[in-house]
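Printed here is structure20.tsv (TSV, C-alpha atoms):
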```tsv
chain	number	residue	atom	x	y	z
A	20	ALA	CA	90.36	17.92	-182.38
A	21	GLU	CA	90.03	21.62	-181.73
A	22	ILE	CA	93.16	23.69	-181.20
A	23	ASP	CA	92.79	26.03	-178.23
A	24	LEU	CA	95.96	28.07	-178.61
A	25	VAL	CA	98.96	28.33	-180.92
A	26	ILE	CA	102.38	29.66	-179.87
A	27	LEU	CA	104.37	31.16	-182.75
A	28	ASP	CA	107.84	32.62	-182.93
A	29	MET	CA	108.38	35.93	-184.71
A	30	MET	CA	111.40	34.55	-186.58
A	31	MET	CA	110.98	31.21	-188.34
A	32	PRO	CA	112.72	29.70	-191.38
A	33	LYS	CA	110.11	30.28	-194.13
A	34	TRP	CA	107.50	32.66	-192.72
A	35	ASN	CA	107.57	34.95	-189.74
A	36	GLY	CA	105.03	34.45	-186.97
A	37	LYS	CA	102.80	37.28	-188.21
A	38	LYS	CA	102.58	35.84	-191.72
A	39	LEU	CA	101.88	32.32	-190.46
A	40	PHE	CA	99.18	33.63	-188.11
A	41	GLN	CA	97.49	35.48	-190.97
A	42	GLU	CA	97.53	32.32	-193.11
A	43	MET	CA	96.15	30.21	-190.25
A	44	GLU	CA	93.42	32.80	-189.74
A	45	LYS	CA	92.27	32.25	-193.33
A	46	ILE	CA	91.66	28.59	-192.44
A	47	ASN	CA	90.23	29.29	-188.99
A	48	PRO	CA	89.19	32.91	-188.31
A	49	LYS	CA	88.81	32.09	-184.60
A	50	ILE	CA	92.42	30.93	-184.16
A	51	LYS	CA	94.07	32.18	-180.94
A	52	ALA	CA	97.82	32.70	-180.72
A	53	LEU	CA	100.67	34.02	-178.62
A	54	LEU	CA	103.78	35.45	-180.26
A	55	LEU	CA	107.33	34.86	-179.00
A	56	THR	CA	110.00	37.37	-179.96
A	57	GLY	CA	113.60	38.12	-179.14
A	58	ARG	CA	113.29	41.66	-180.52
A	59	LYS	CA	112.19	44.75	-178.66
A	60	LEU	CA	108.92	45.75	-180.28
A	61	GLY	CA	108.33	49.18	-178.77
A	62	LYS	CA	105.65	50.94	-180.79
A	63	ASP	CA	105.15	47.83	-182.97
A	64	THR	CA	103.59	46.00	-180.00
A	65	ARG	CA	100.21	47.61	-180.75
A	66	LYS	CA	100.37	46.23	-184.31
A	67	ILE	CA	100.86	42.72	-182.95
A	68	TYR	CA	97.66	43.01	-180.91
A	69	ASP	CA	95.83	44.60	-183.85
A	70	ILE	CA	96.73	41.61	-186.03
A	71	GLY	CA	94.98	39.41	-183.48
A	72	PHE	CA	97.64	37.93	-181.21
A	73	LEU	CA	96.43	37.55	-177.64
A	74	ASP	CA	99.80	38.44	-176.15
A	75	VAL	CA	103.51	38.90	-176.88
A	76	ILE	CA	106.18	37.12	-174.87
A	77	ALA	CA	109.74	38.45	-174.90
A	78	LYS	CA	112.60	35.95	-175.13
A	79	PRO	CA	114.35	34.78	-173.12
A	80	PHE	CA	111.59	33.86	-170.72
A	81	TYR	CA	111.07	31.51	-167.81
A	82	MET	CA	108.74	28.57	-168.33
A	83	LYS	CA	106.71	29.84	-165.37
A	84	ASP	CA	106.06	33.11	-167.26
A	85	LEU	CA	105.10	31.26	-170.44
A	86	SER	CA	102.79	28.97	-168.47
A	87	GLU	CA	101.11	31.99	-166.88
A	88	LYS	CA	100.57	33.67	-170.27
A	89	VAL	CA	99.10	30.46	-171.70
A	90	ALA	CA	96.81	30.04	-168.68
A	91	GLN	CA	95.69	33.68	-168.85
A	92	SER	CA	94.98	33.42	-172.58
A	93	LEU	CA	92.99	30.21	-172.20
A	94	ALA	CA	91.06	31.63	-169.23
A	95	ARG	CA	90.18	34.77	-171.21
A	96	GLU	CA	88.96	32.62	-174.07
A	97	HIS	CA	86.93	30.43	-171.73
A	98	VAL	CA	85.26	33.48	-170.15
A	99	SER	CA	84.51	34.88	-173.59
A	100	LYS	CA	82.86	31.62	-174.69
A	101	LEU	CA	80.81	31.47	-171.48
A	102	LYS	CA	79.65	35.05	-171.97
A	103	ASP	CA	78.65	34.29	-175.58
A	104	SER	CA	76.68	31.18	-174.55
A	105	ILE	CA	74.86	33.12	-171.82
A	106	LEU	CA	73.95	35.88	-174.25
A	107	ASP	CA	72.76	33.31	-176.82
A	108	GLU	CA	70.37	31.83	-174.23
A	109	LYS	CA	68.66	35.19	-173.66
```
Structure re-expressed in structure tokens:
Amino acid sequence: AEIDLVILDMMMPKWNGKKLFQEMEKINPKIKALLLTGRKLGKDTRKIYDIGFLDVIAKPFYMKDLSEKVAQSLAREHVSKLKDSILDEK
């Protein structure tokens, strides 16, 4: 089964979310992920996007907000795949 989206937390017991994402990317370079964090990122937010995360979600959050971010991320990915398939047909 294909994984459409991974949600990682910045702070985890063994690896942080950035490290885990980078390791997952070695296995699947097309992996898509959102990052949850309880810290204020400020200028570090740009680095998170540069690493490859689709979005950052600040904790605490409402499930509605998380659901919207997930839906937006999946929709963006779907549009990107459609665009690629259209371009491949030309």
request  = Please return, as a PyMOL selection string, all polymer residues that have at least one atom within 12 Å of the point (93.8, 32.0, -183.1); use all atoms listed in the file and the file's own coordinate frame.
outcome  = chain A and resi 21-27+37+39-54+68+70-74+92-93+96
Export of prior selection with C-alpha atoms as a CSV table (one decimal), keeping the file's coordinate frame:
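Result went into result_25.csv, see below:
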```
chain,number,residue,atom,x,y,z
A,21,GLU,CA,90.0,21.6,-181.7
A,22,ILE,CA,93.2,23.7,-181.2
A,23,ASP,CA,92.8,26.0,-178.2
A,24,LEU,CA,96.0,28.1,-178.6
A,25,VAL,CA,99.0,28.3,-180.9
A,26,ILE,CA,102.4,29.7,-179.9
A,27,LEU,CA,104.4,31.2,-182.8
A,37,LYS,CA,102.8,37.3,-188.2
A,39,LEU,CA,101.9,32.3,-190.5
A,40,PHE,CA,99.2,33.6,-188.1
A,41,GLN,CA,97.5,35.5,-191.0
A,42,GLU,CA,97.5,32.3,-193.1
A,43,MET,CA,96.2,30.2,-190.2
A,44,GLU,CA,93.4,32.8,-189.7
A,45,LYS,CA,92.3,32.2,-193.3
A,46,ILE,CA,91.7,28.6,-192.4
A,47,ASN,CA,90.2,29.3,-189.0
A,48,PRO,CA,89.2,32.9,-188.3
A,49,LYS,CA,88.8,32.1,-184.6
A,50,ILE,CA,92.4,30.9,-184.2
A,51,LYS,CA,94.1,32.2,-180.9
A,52,ALA,CA,97.8,32.7,-180.7
A,53,LEU,CA,100.7,34.0,-178.6
A,54,LEU,CA,103.8,35.4,-180.3
A,68,TYR,CA,97.7,43.0,-180.9
A,70,ILE,CA,96.7,41.6,-186.0
A,71,GLY,CA,95.0,39.4,-183.5
A,72,PHE,CA,97.6,37.9,-181.2
A,73,LEU,CA,96.4,37.6,-177.6
A,74,ASP,CA,99.8,38.4,-176.2
A,92,SER,CA,95.0,33.4,-172.6
A,93,LEU,CA,93.0,30.2,-172.2
A,96,GLU,CA,89.0,32.6,-174.1
```
task = Please measure the separation of atom CA of A:Lys88 and atom CA of A:Ile76, giving the value in Å to one decimal.
result =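 Atom-to-atom, atom CA of A:Lys88 to atom CA of A:Ile76, that is 8.0 Å.
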request  = Work out how far apart atom CA of A:Lys78 and atom CA of A:Asp63 are and give it in Å to one decimal.
outcome  =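 Taking atom CA of A:Lys78 as the start and atom CA of A:Asp63 as the end point, the length is 16.1 Å.
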For A:Met30, find every residue with an atom within 9 Å (counting all atoms listed in the file), except residues of its own chain fewer than 6 positions away, and show them as a PDB file with C-alpha atoms, in the coordinates of the input.
```pdb
ATOM      1  CA  GLY A  36     105.030  34.450-186.970  1.00  0.00           C
ATOM      2  CA  LEU A  55     107.330  34.860-179.000  1.00  0.00           C
ATOM      3  CA  THR A  56     110.000  37.370-179.960  1.00  0.00           C
ATOM      4  CA  GLY A  57     113.600  38.120-179.140  1.00  0.00           C
TER       5      GLY A  57
END
```
Exercise on stretch 85-98 of chain A, axis-aligned box with 8 Å per side, report centre and edge lengths in Å to one decimal, as JSON:
```
{"center_x": 95.2, "center_y": 31.9, "center_z": -170.5, "size_x": 35.8, "size_y": 21.8, "size_z": 23.2}
```
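The coordinates place atom CA of A:Leu85 at 12.9 Å from atom CA of A:Asp28.
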query = Of the candidates A:Met29, A:Lys62, A:Ala90, A:Val98, which shows the shortest atom-to-atom distance to A:Ala77, using all atoms listed in the file?
reply =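 Ranked by minimum distance to A:Ala77, first place goes to A:Met29.
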